[in-house]
file my_file06.tsv (TSV, C-alpha atoms)
chain	number	residue	atom	x	y	z
H	1	MET	CA	101.49	44.95	46.17
H	2	ASN	CA	102.93	43.46	49.31
H	3	GLU	CA	103.77	46.94	50.56
H	4	TRP	CA	100.13	47.98	50.10
H	5	TRP	CA	98.90	45.10	52.29
H	6	ILE	CA	101.42	46.00	54.98
H	7	LEU	CA	100.02	49.55	55.09
H	8	VAL	CA	96.46	48.22	55.35
H	9	LEU	CA	97.35	45.90	58.23
H	10	ALA	CA	99.14	48.73	60.03
H	11	ALA	CA	96.09	50.97	59.63
H	12	LEU	CA	93.78	48.24	61.01
H	13	LEU	CA	96.08	47.71	63.96
H	14	ILE	CA	96.10	51.43	64.80
H	15	LEU	CA	92.29	51.57	64.44
H	16	GLY	CA	91.95	48.65	66.82
H	17	LEU	CA	94.13	50.34	69.40
H	18	LEU	CA	92.07	53.51	69.18
H	19	VAL	CA	88.81	51.60	69.60
H	20	GLY	CA	90.27	49.84	72.61
H	21	VAL	CA	91.21	53.12	74.19
H	22	VAL	CA	87.69	54.50	73.64
H	23	VAL	CA	86.03	51.37	75.08
H	24	ARG	CA	88.30	51.31	78.10
H	25	GLY	CA	87.75	55.03	78.54
H	26	ARG	CA	84.01	54.45	78.86
H	27	ARG	CA	84.59	51.99	81.67
H	28	HIS	CA	87.36	53.98	83.41
H	29	THR	CA	86.73	57.70	82.96
H	30	VAL	CA	89.85	59.80	83.58
H	31	ASP	CA	89.45	62.99	85.62
H	32	PRO	CA	91.27	65.82	83.74
H	33	ASP	CA	92.16	67.46	87.07
H	34	SER	CA	94.22	64.43	88.00
H	35	LEU	CA	96.49	64.86	84.98
H	36	THR	CA	98.97	67.14	86.74
H	37	ALA	CA	102.52	67.66	85.62
H	38	GLU	CA	105.39	66.11	87.50
H	39	PRO	CA	107.16	68.56	89.85
H	40	GLU	CA	110.18	68.77	87.57
H	41	ASP	CA	107.89	69.86	84.69
H	42	ARG	CA	106.36	72.78	86.61
H	43	PRO	CA	107.85	76.28	86.81
H	44	LEU	CA	109.85	76.81	90.00
H	45	ALA	CA	109.97	79.85	92.26
H	46	ALA	CA	112.51	80.45	95.01
H	47	VAL	CA	111.70	82.65	97.99
H	48	VAL	CA	114.54	84.47	99.74
H	49	ALA	CA	112.93	85.45	103.04
H	50	ASN	CA	114.19	87.56	105.92
H	51	PRO	CA	112.99	85.64	109.01
H	52	THR	CA	113.04	88.79	111.13
H	53	LYS	CA	110.55	90.50	108.81
H	54	VAL	CA	108.08	87.81	107.73
H	55	GLU	CA	105.01	87.02	109.80
H	56	PRO	CA	103.90	83.54	110.91
H	57	GLY	CA	102.08	81.76	108.12
H	58	THR	CA	103.89	83.63	105.34
H	59	ARG	CA	105.54	80.51	103.96
H	60	ALA	CA	102.29	78.54	103.84
H	61	ARG	CA	100.46	81.36	102.07
H	62	ILE	CA	103.14	81.79	99.41
H	63	GLU	CA	103.33	78.02	98.84
H	64	SER	CA	99.55	77.91	98.46
H	65	VAL	CA	99.58	80.59	95.76
H	66	CYS	CA	102.41	78.84	93.90
H	67	THR	CA	100.78	75.41	93.84
H	68	GLY	CA	97.37	76.94	93.13
H	69	LEU	CA	98.76	78.46	89.94
H	70	GLY	CA	100.30	75.18	88.85
H	71	TRP	CA	103.85	75.97	89.98
H	72	ALA	CA	106.01	73.53	91.91
H	73	GLU	CA	106.33	74.01	95.66
H	74	PRO	CA	108.82	76.89	95.98
H	75	LEU	CA	112.32	76.71	97.39
H	76	TRP	CA	112.35	78.49	100.76
H	77	LEU	CA	115.72	80.10	101.53
H	78	GLU	CA	116.11	82.22	104.68
H	79	THR	CA	118.61	85.04	105.04
H	80	THR	CA	121.16	85.23	107.85
H	81	VAL	CA	123.16	87.98	109.51
H	82	GLU	CA	126.22	86.77	107.61
H	83	ASP	CA	124.39	86.54	104.27
H	84	PRO	CA	121.39	88.87	103.87
H	85	GLY	CA	120.25	87.32	100.58
H	86	THR	CA	122.94	87.29	97.91
H	87	GLY	CA	124.14	83.74	98.52
H	88	GLN	CA	120.60	82.42	98.74
H	89	ALA	CA	119.64	84.07	95.44
H	90	THR	CA	122.76	82.66	93.80
H	91	LEU	CA	121.79	79.18	94.99
H	92	ALA	CA	118.27	79.70	93.61
H	93	VAL	CA	119.68	80.48	90.16
H	94	GLU	CA	121.88	77.37	90.34
H	95	LYS	CA	118.79	75.28	91.21
H	96	GLY	CA	117.05	76.52	88.07
H	97	ALA	CA	114.49	78.89	89.61
H	98	ASP	CA	112.32	80.69	87.04
H	99	VAL	CA	111.80	83.61	89.42
H	100	VAL	CA	113.42	84.57	92.72
H	101	ILE	CA	111.09	86.32	95.17
H	102	ALA	CA	112.59	88.73	97.69
H	103	CYS	CA	110.43	88.59	100.81
H	104	GLY	CA	111.67	91.22	103.24
H	105	GLY	CA	112.63	94.88	103.35
H	106	ASP	CA	114.73	97.04	101.04
H	107	GLY	CA	117.93	95.42	102.32
H	108	THR	CA	116.74	91.96	101.32
H	109	VAL	CA	115.66	93.25	97.91
H	110	ARG	CA	119.06	94.85	97.36
H	111	SER	CA	120.92	91.68	98.37
H	112	VAL	CA	118.85	89.48	96.05
H	113	ALA	CA	119.36	91.94	93.18
H	114	GLU	CA	123.10	91.75	93.80
H	115	ALA	CA	122.98	88.10	92.68
H	116	LEU	CA	120.37	88.43	89.91
H	117	ALA	CA	121.67	91.49	88.05
H	118	GLY	CA	122.90	90.41	84.65
H	119	THR	CA	121.59	86.82	84.89
H	120	GLY	CA	118.25	87.34	83.12
H	121	VAL	CA	116.43	85.57	85.98
H	122	ALA	CA	113.43	87.63	87.09
H	123	MET	CA	113.05	89.02	90.61
H	124	GLY	CA	109.66	89.25	92.27
H	125	LEU	CA	108.77	91.27	95.37
H	126	VAL	CA	106.71	90.37	98.42
H	127	PRO	CA	107.15	93.48	100.62
H	128	ALA	CA	107.71	92.79	104.32
H	129	GLY	CA	109.84	95.71	105.51
H	130	THR	CA	109.33	99.25	106.79
H	131	GLY	CA	110.14	101.25	103.66
H	132	ASN	CA	109.58	98.90	100.71
H	133	LEU	CA	110.54	101.77	98.42
H	134	LEU	CA	111.13	99.81	95.21
H	135	ALA	CA	107.88	97.92	95.69
H	136	ARG	CA	106.03	101.22	96.11
H	137	THR	CA	107.67	102.65	93.00
H	138	ILE	CA	106.63	99.83	90.68
H	139	GLY	CA	103.18	99.40	92.26
H	140	THR	CA	103.60	96.00	93.92
H	141	PRO	CA	100.41	95.25	95.91
H	142	GLU	CA	100.74	95.26	99.70
H	143	ASN	CA	98.54	92.16	100.01
H	144	MET	CA	100.85	89.14	100.26
H	145	ASN	CA	98.78	86.77	98.13
H	146	THR	CA	98.33	89.35	95.38
H	147	ALA	CA	102.01	90.31	95.46
H	148	THR	CA	102.93	86.64	95.10
H	149	ARG	CA	100.66	86.27	92.08
H	150	VAL	CA	102.34	89.30	90.50
H	151	ALA	CA	105.76	87.76	91.19
H	152	LEU	CA	104.69	84.59	89.37
H	153	THR	CA	102.54	85.90	86.52
H	154	GLY	CA	103.24	89.64	86.14
H	155	ASP	CA	105.06	91.40	83.33
H	156	ASP	CA	108.86	91.46	83.05
H	157	ARG	CA	110.44	94.92	83.15
H	158	SER	CA	114.17	95.47	82.76
H	159	ILE	CA	115.34	98.17	85.16
H	160	ASP	CA	118.60	99.99	85.79
H	161	VAL	CA	120.95	99.01	88.60
H	162	GLY	CA	123.17	101.41	90.49
H	163	ARG	CA	126.67	100.23	91.42
H	164	ILE	CA	128.65	101.93	94.17
H	165	ARG	CA	132.31	101.61	95.21
H	166	ILE	CA	133.03	102.95	98.71
H	167	ASP	CA	136.44	104.45	99.49
H	168	GLY	CA	138.09	102.63	96.60
H	169	ALA	CA	136.99	99.14	97.69
H	170	GLU	CA	137.65	96.31	95.24
H	171	GLU	CA	133.99	95.26	95.10
H	172	GLU	CA	131.02	97.35	94.00
H	173	ARG	CA	127.70	97.12	95.79
H	174	VAL	CA	124.36	97.16	94.01
H	175	PHE	CA	121.53	99.55	94.85
H	176	LEU	CA	118.07	99.89	93.34
H	177	VAL	CA	116.58	102.91	95.09
H	178	MET	CA	119.05	105.40	96.63
H	179	ALA	CA	122.54	105.66	98.03
H	180	GLY	CA	124.22	108.65	99.57
H	181	THR	CA	126.10	110.41	102.32
H	182	GLY	CA	125.33	112.88	105.07
H	183	PHE	CA	122.07	113.66	106.85
H	184	ASP	CA	120.01	110.91	105.20
H	185	ALA	CA	122.56	108.22	106.09
H	186	ALA	CA	122.82	109.55	109.64
H	187	ILE	CA	119.07	109.04	110.04
H	188	MET	CA	119.33	105.44	108.84
H	189	GLU	CA	122.28	104.83	111.15
H	190	SER	CA	120.55	106.23	114.24
H	191	THR	CA	117.14	104.56	113.78
H	192	PRO	CA	116.94	101.41	115.94
H	193	GLU	CA	115.32	98.31	114.48
H	194	ALA	CA	113.23	97.96	117.63
H	195	LEU	CA	111.78	101.45	117.11
H	196	LYS	CA	110.94	100.66	113.48
H	197	GLY	CA	109.18	97.52	114.65
H	198	ARG	CA	107.06	99.51	117.12
H	199	VAL	CA	106.12	102.64	115.15
H	200	GLY	CA	107.02	101.80	111.52
H	201	PRO	CA	108.06	104.68	109.20
H	202	LEU	CA	107.50	107.19	112.03
H	203	ALA	CA	110.80	105.95	113.47
H	204	TYR	CA	112.67	107.72	110.66
H	205	VAL	CA	110.83	110.97	111.40
H	206	ILE	CA	111.88	110.78	115.05
H	207	SER	CA	115.53	110.19	114.11
H	208	GLY	CA	115.35	112.94	111.49
H	209	LEU	CA	114.20	115.53	114.02
H	210	ARG	CA	117.13	114.63	116.24
H	211	ALA	CA	119.61	115.02	113.36
H	212	MET	CA	118.30	118.34	112.02
H	213	ARG	CA	120.70	120.54	113.95
H	214	GLY	CA	123.85	119.06	112.40
H	215	ARG	CA	126.34	121.14	110.41
H	216	ARG	CA	126.74	121.24	106.66
H	217	MET	CA	129.67	119.35	105.13
H	218	ARG	CA	132.00	120.30	102.29
H	219	VAL	CA	131.69	118.02	99.25
H	220	THR	CA	132.96	117.75	95.70
H	221	ILE	CA	130.54	116.23	93.19
H	222	GLY	CA	131.79	114.88	89.88
H	223	LEU	CA	129.15	114.26	87.19
H	224	ASP	CA	130.27	112.28	84.14
H	225	ASP	CA	133.11	114.21	82.46
H	226	ALA	CA	132.09	117.68	83.66
H	227	ALA	CA	134.21	119.82	85.96
H	228	PRO	CA	133.66	118.93	89.65
H	229	LEU	CA	131.13	120.95	91.63
H	230	ARG	CA	131.94	122.16	95.14
H	231	ARG	CA	129.18	122.55	97.68
H	232	ARG	CA	128.41	122.93	101.37
H	233	THR	CA	125.48	120.64	102.00
H	234	ARG	CA	123.72	118.41	104.51
H	235	THR	CA	123.26	115.40	102.25
H	236	VAL	CA	123.91	114.19	98.71
H	237	LEU	CA	121.74	111.38	97.38
H	238	VAL	CA	121.99	109.39	94.16
H	239	GLY	CA	118.76	107.71	93.10
H	240	ASN	CA	117.56	105.15	90.63
H	241	SER	CA	114.07	105.80	91.96
H	242	GLY	CA	113.03	109.11	93.47
H	243	THR	CA	110.10	107.96	95.64
H	244	LEU	CA	110.19	108.27	99.43
H	245	MET	CA	107.88	106.84	102.07
H	246	GLY	CA	104.44	108.35	102.14
H	247	GLY	CA	104.45	108.82	98.38
H	248	LEU	CA	106.74	111.86	98.52
H	249	VAL	CA	108.96	112.29	95.48
H	250	LEU	CA	112.45	113.57	96.16
H	251	MET	CA	113.67	113.26	92.56
H	252	PRO	CA	110.82	114.13	90.18
H	253	LYS	CA	112.67	113.15	87.01
H	254	ALA	CA	113.87	109.75	88.21
H	255	THR	CA	112.63	106.57	86.54
H	256	VAL	CA	114.01	103.10	87.06
H	257	ASP	CA	114.78	102.37	83.41
H	258	ASP	CA	115.98	105.65	81.86
H	259	GLY	CA	119.69	104.74	81.81
H	260	VAL	CA	120.77	107.57	84.11
H	261	LEU	CA	120.94	108.21	87.84
H	262	ASP	CA	119.48	111.27	89.55
H	263	VAL	CA	121.47	113.31	92.05
H	264	VAL	CA	120.12	115.73	94.65
H	265	SER	CA	121.90	117.95	97.15
H	266	LEU	CA	119.98	119.31	100.15
H	267	ALA	CA	121.70	122.19	101.92
H	268	PRO	CA	119.48	123.74	104.63
H	269	SER	CA	121.24	125.31	107.61
H	270	THR	CA	118.25	126.44	109.72
H	271	LEU	CA	114.74	125.34	110.56
H	272	VAL	CA	113.44	127.77	107.93
H	273	GLY	CA	115.73	126.10	105.42
H	274	TRP	CA	114.33	122.68	106.26
H	275	VAL	CA	110.80	124.00	105.77
H	276	ALA	CA	111.85	125.26	102.33
H	277	VAL	CA	113.30	121.85	101.50
H	278	ALA	CA	110.10	120.12	102.63
H	279	LEU	CA	107.99	122.40	100.45
H	280	ARG	CA	110.30	121.72	97.52
H	281	VAL	CA	109.79	117.96	97.94
H	282	ILE	CA	106.04	118.23	98.37
H	283	THR	CA	105.58	120.43	95.30
H	284	ARG	CA	108.01	118.30	93.20
H	285	ARG	CA	109.72	121.35	91.74
H	286	PRO	CA	113.13	120.16	90.52
H	287	ARG	CA	114.86	123.52	90.16
H	288	GLY	CA	114.95	127.08	91.35
H	289	HIS	CA	116.10	126.92	94.97
H	290	GLU	CA	119.63	127.29	96.33
H	291	ARG	CA	119.07	124.71	99.04
H	292	VAL	CA	117.86	121.97	96.67
H	293	GLU	CA	119.83	121.14	93.52
H	294	HIS	CA	119.21	118.36	91.01
H	295	TRP	CA	121.38	116.74	88.33
H	296	GLN	CA	121.41	113.61	86.18
H	297	ALA	CA	124.46	111.56	85.19
H	298	ARG	CA	125.66	108.08	84.29
H	299	SER	CA	128.63	108.20	86.64
H	300	ILE	CA	129.03	110.20	89.86
H	301	VAL	CA	131.89	110.65	92.29
H	302	ILE	CA	131.15	112.22	95.69
H	303	ARG	CA	134.07	113.23	97.89
H	304	THR	CA	133.68	114.71	101.37
H	305	GLU	CA	136.20	116.73	103.37
H	306	SER	CA	135.95	114.29	106.28
H	307	PRO	CA	134.39	110.81	106.70
H	308	GLN	CA	130.58	110.96	106.73
H	309	PRO	CA	127.83	108.38	107.38
H	310	CYS	CA	126.80	106.57	104.18
H	311	GLN	CA	123.86	104.37	103.25
H	312	VAL	CA	122.96	102.01	100.42
H	313	ASP	CA	119.22	101.40	99.91
H	314	GLY	CA	118.59	102.39	103.50
H	315	ASP	CA	121.28	100.17	105.02
H	316	PRO	CA	124.03	102.04	106.90
H	317	VAL	CA	127.48	101.09	105.60
H	318	GLY	CA	129.66	103.15	107.94
H	319	ASP	CA	131.59	106.37	107.41
H	320	ALA	CA	133.38	107.08	104.13
H	321	GLN	CA	134.94	109.95	102.19
H	322	GLU	CA	134.44	108.80	98.59
H	323	LEU	CA	131.52	107.23	96.78
H	324	ALA	CA	132.11	106.24	93.14
H	325	ILE	CA	128.76	105.45	91.55
H	326	ARG	CA	127.70	104.33	88.08
H	327	VAL	CA	124.56	103.07	86.38
H	328	GLU	CA	124.22	99.68	84.70
H	329	PRO	CA	121.28	100.18	82.32
H	330	ARG	CA	118.47	97.61	82.39
H	331	ALA	CA	120.59	94.99	84.10
H	332	LEU	CA	117.84	93.50	86.28
H	333	VAL	CA	114.60	91.81	85.20
H	334	LEU	CA	111.83	92.76	87.62
H	335	ARG	CA	108.41	91.15	87.77
H	336	VAL	CA	105.82	93.95	87.89
H	337	PRO	CA	102.01	94.27	87.81
H	338	ASP	CA	100.43	93.91	84.38
H	339	VAL	CA	99.47	97.58	84.40
H	340	ALA	CA	102.52	99.62	85.43
H	341	PRO	CA	101.99	102.66	87.68
H	342	PRO	CA	102.47	106.14	86.19
H	343	ASP	CA	106.08	106.70	87.26
H	344	THR	CA	107.09	108.83	84.28
H	345	PRO	CA	109.07	111.92	85.28
H	346	ASP	CA	107.47	115.29	85.71
H	347	PRO	CA	108.15	117.77	82.89
H	348	GLY	CA	110.39	120.76	83.42

call {"tool": "encode", "arguments": {"input": "my_file06.tsv", "output": "structure tokens"}}
result
Amino acid sequence: MNEWWILVLAALLILGLLVGVVVRGRRHTVDPDSLTAEPEDRPLAAVVANPTKVEPGTRARIESVCTGLGWAEPLWLETTVEDPGTGQATLAVEKGADVVIACGGDGTVRSVAEALAGTGVAMGLVPAGTGNLLARTIGTPENMNTATRVALTGDDRSIDVGRIRIDGAEEERVFLVMAGTGFDAAIMESTPEALKGRVGPLAYVISGLRAMRGRRMRVTIGLDDAAPLRRRTRTVLVGNSGTLMGGLVLMPKATVDDGVLDVVSLAPSTLVGWVAVALRVITRRPRGHERVEHWQARSIVIRTESPQPCQVDGDPVGDAQELAIRVEPRALVLRVPDVAPPDTPDPG
């Protein structure tokens, strides 16, 4: 009996508290918009920005999108000559960032991916470079505000990562788009940053015209466990994505999450040969021409007779004679638009 009365008194006490809350609420109405979460309760983005690429006002615009979507004010981490993004992205992960946004060109994207691959932390893209090849491949909007919204609220897509070891170095480098040796790398090496700043992608065309008259090189290409191939060629490229600037597709079968890397050898020796190569790229025909050969593999070893210019995601890395490359399937989480672009490979 006594227990029953205790329950009744407890019920009356709770009822009284509820009535008090209602009465006080009538006198002091609470604005729902004022009930915001504490900063530590909001999702956190980190922005790894290349200060030589971003325009004035970029930081304020990205912060505005973040806070407007209910996120905490983002961490702003600028790259340096000594550290183009890997250390900053590592720090962002240590600080508990829910997404790390690479704001710069392909080099910044590659450096951020170097730190994020295998962590499960998503990478977002706010393109600010000349090529922005990965951003073009996955359909990231060019508008900064829209790209930031995608980085915060888009879908997560696990993509492959390429890993490259140059001349037997202890450490592997990450690449997301393309790496290779020969003509393509020579173009990257000879294109001044100042020229890219003035004329944009046209700078690569100018450098390419200058490099056209070079000689073919002797290479050996090892694909998985098959017998090595020997070729005389101008360039050998290994791609996770096959898209070039201007929407041209160099590797029609390449997709960023198929678990293999695509390889192409371009071997023109004359102006007529270069025209044939250009037509091959424009028509996206993957086979049937002696000057353009395509393969797919999970591991690739490229050896040249003499040191040749090399590049990793558009960044020149000096001359080398051996590139040992492998794929790490779906190692990087990438934040992409809700509706992915049609990047499925062409048949044939």

call {"tool": "residues_around", "arguments": {"input": "my_file06.tsv", "residues": "Thr255 of chain H", "least_positions_apart": "5", "cutoff": "10 Å", "atoms": "only C-alpha atoms", "output": "PyMOL selection string"}}
result
chain H and resi 137-138+159-160+239-243+260-262+343-345

call {"tool": "atom_distance", "arguments": {"input": "my_file06.tsv", "atom1": "atom CA of Leu223 of chain H", "atom2": "atom CA of Val301 of chain H"}}
result
6.8 Å

call {"tool": "residues_around", "arguments": {"input": "my_file06.tsv", "residues": "Gln308 of chain H", "least_positions_apart": "3", "cutoff": "10 Å", "atoms": "all atoms listed in the file", "output": "PyMOL selection string"}}
result
chain H and resi 180-183+185-186+217+235+303-305+318-322

call {"tool": "write_last_selection", "arguments": {"input": "my_file06.tsv", "atoms": "C-alpha atoms", "output": "mmCIF file, in the frame of the given file"}}
result
data_model
loop_
_atom_site.group_PDB
_atom_site.id
_atom_site.type_symbol
_atom_site.label_atom_id
_atom_site.label_comp_id
_atom_site.auth_asym_id
_atom_site.auth_seq_id
_atom_site.Cartn_x
_atom_site.Cartn_y
_atom_site.Cartn_z
ATOM 1 C CA GLY H 180 124.220 108.650 99.570
ATOM 2 C CA THR H 181 126.100 110.410 102.320
ATOM 3 C CA GLY H 182 125.330 112.880 105.070
ATOM 4 C CA PHE H 183 122.070 113.660 106.850
ATOM 5 C CA ALA H 185 122.560 108.220 106.090
ATOM 6 C CA ALA H 186 122.820 109.550 109.640
ATOM 7 C CA MET H 217 129.670 119.350 105.130
ATOM 8 C CA THR H 235 123.260 115.400 102.250
ATOM 9 C CA ARG H 303 134.070 113.230 97.890
ATOM 10 C CA THR H 304 133.680 114.710 101.370
ATOM 11 C CA GLU H 305 136.200 116.730 103.370
ATOM 12 C CA GLY H 318 129.660 103.150 107.940
ATOM 13 C CA ASP H 319 131.590 106.370 107.410
ATOM 14 C CA ALA H 320 133.380 107.080 104.130
ATOM 15 C CA GLN H 321 134.940 109.950 102.190
ATOM 16 C CA GLU H 322 134.440 108.800 98.590
#

call {"tool": "closest_residue", "arguments": {"input": "my_file06.tsv", "among": "H:Leu125, H:Met188, H:Met178, H:Ala267", "to": "Met251 of chain H", "atoms": "all atoms listed in the file"}}
result
H:Met178

call {"tool": "atom_distance", "arguments": {"input": "my_file06.tsv", "atom1": "atom CA of Gly85 of chain H", "atom2": "atom CA of Arg165 of chain H"}}
result
19.5 Å

call {"tool": "closest_residue", "arguments": {"input": "my_file06.tsv", "among": "H:Val174, H:Val126, H:Gly104, H:Ala331", "to": "Arg61 of chain H", "atoms": "all atoms listed in the file"}}
result
H:Val126

call {"tool": "closest_residue", "arguments": {"input": "my_file06.tsv", "among": "H:Ile300, H:Asp338, H:Pro228, H:Ser269", "to": "Arg215 of chain H", "atoms": "all atoms listed in the file"}}
result
H:Ser269

call {"tool": "closest_residue", "arguments": {"input": "my_file06.tsv", "among": "H:Val47, H:Ile166, H:Leu133, H:Cys310", "to": "Leu75 of chain H", "atoms": "only C-alpha atoms"}}
result
H:Val47
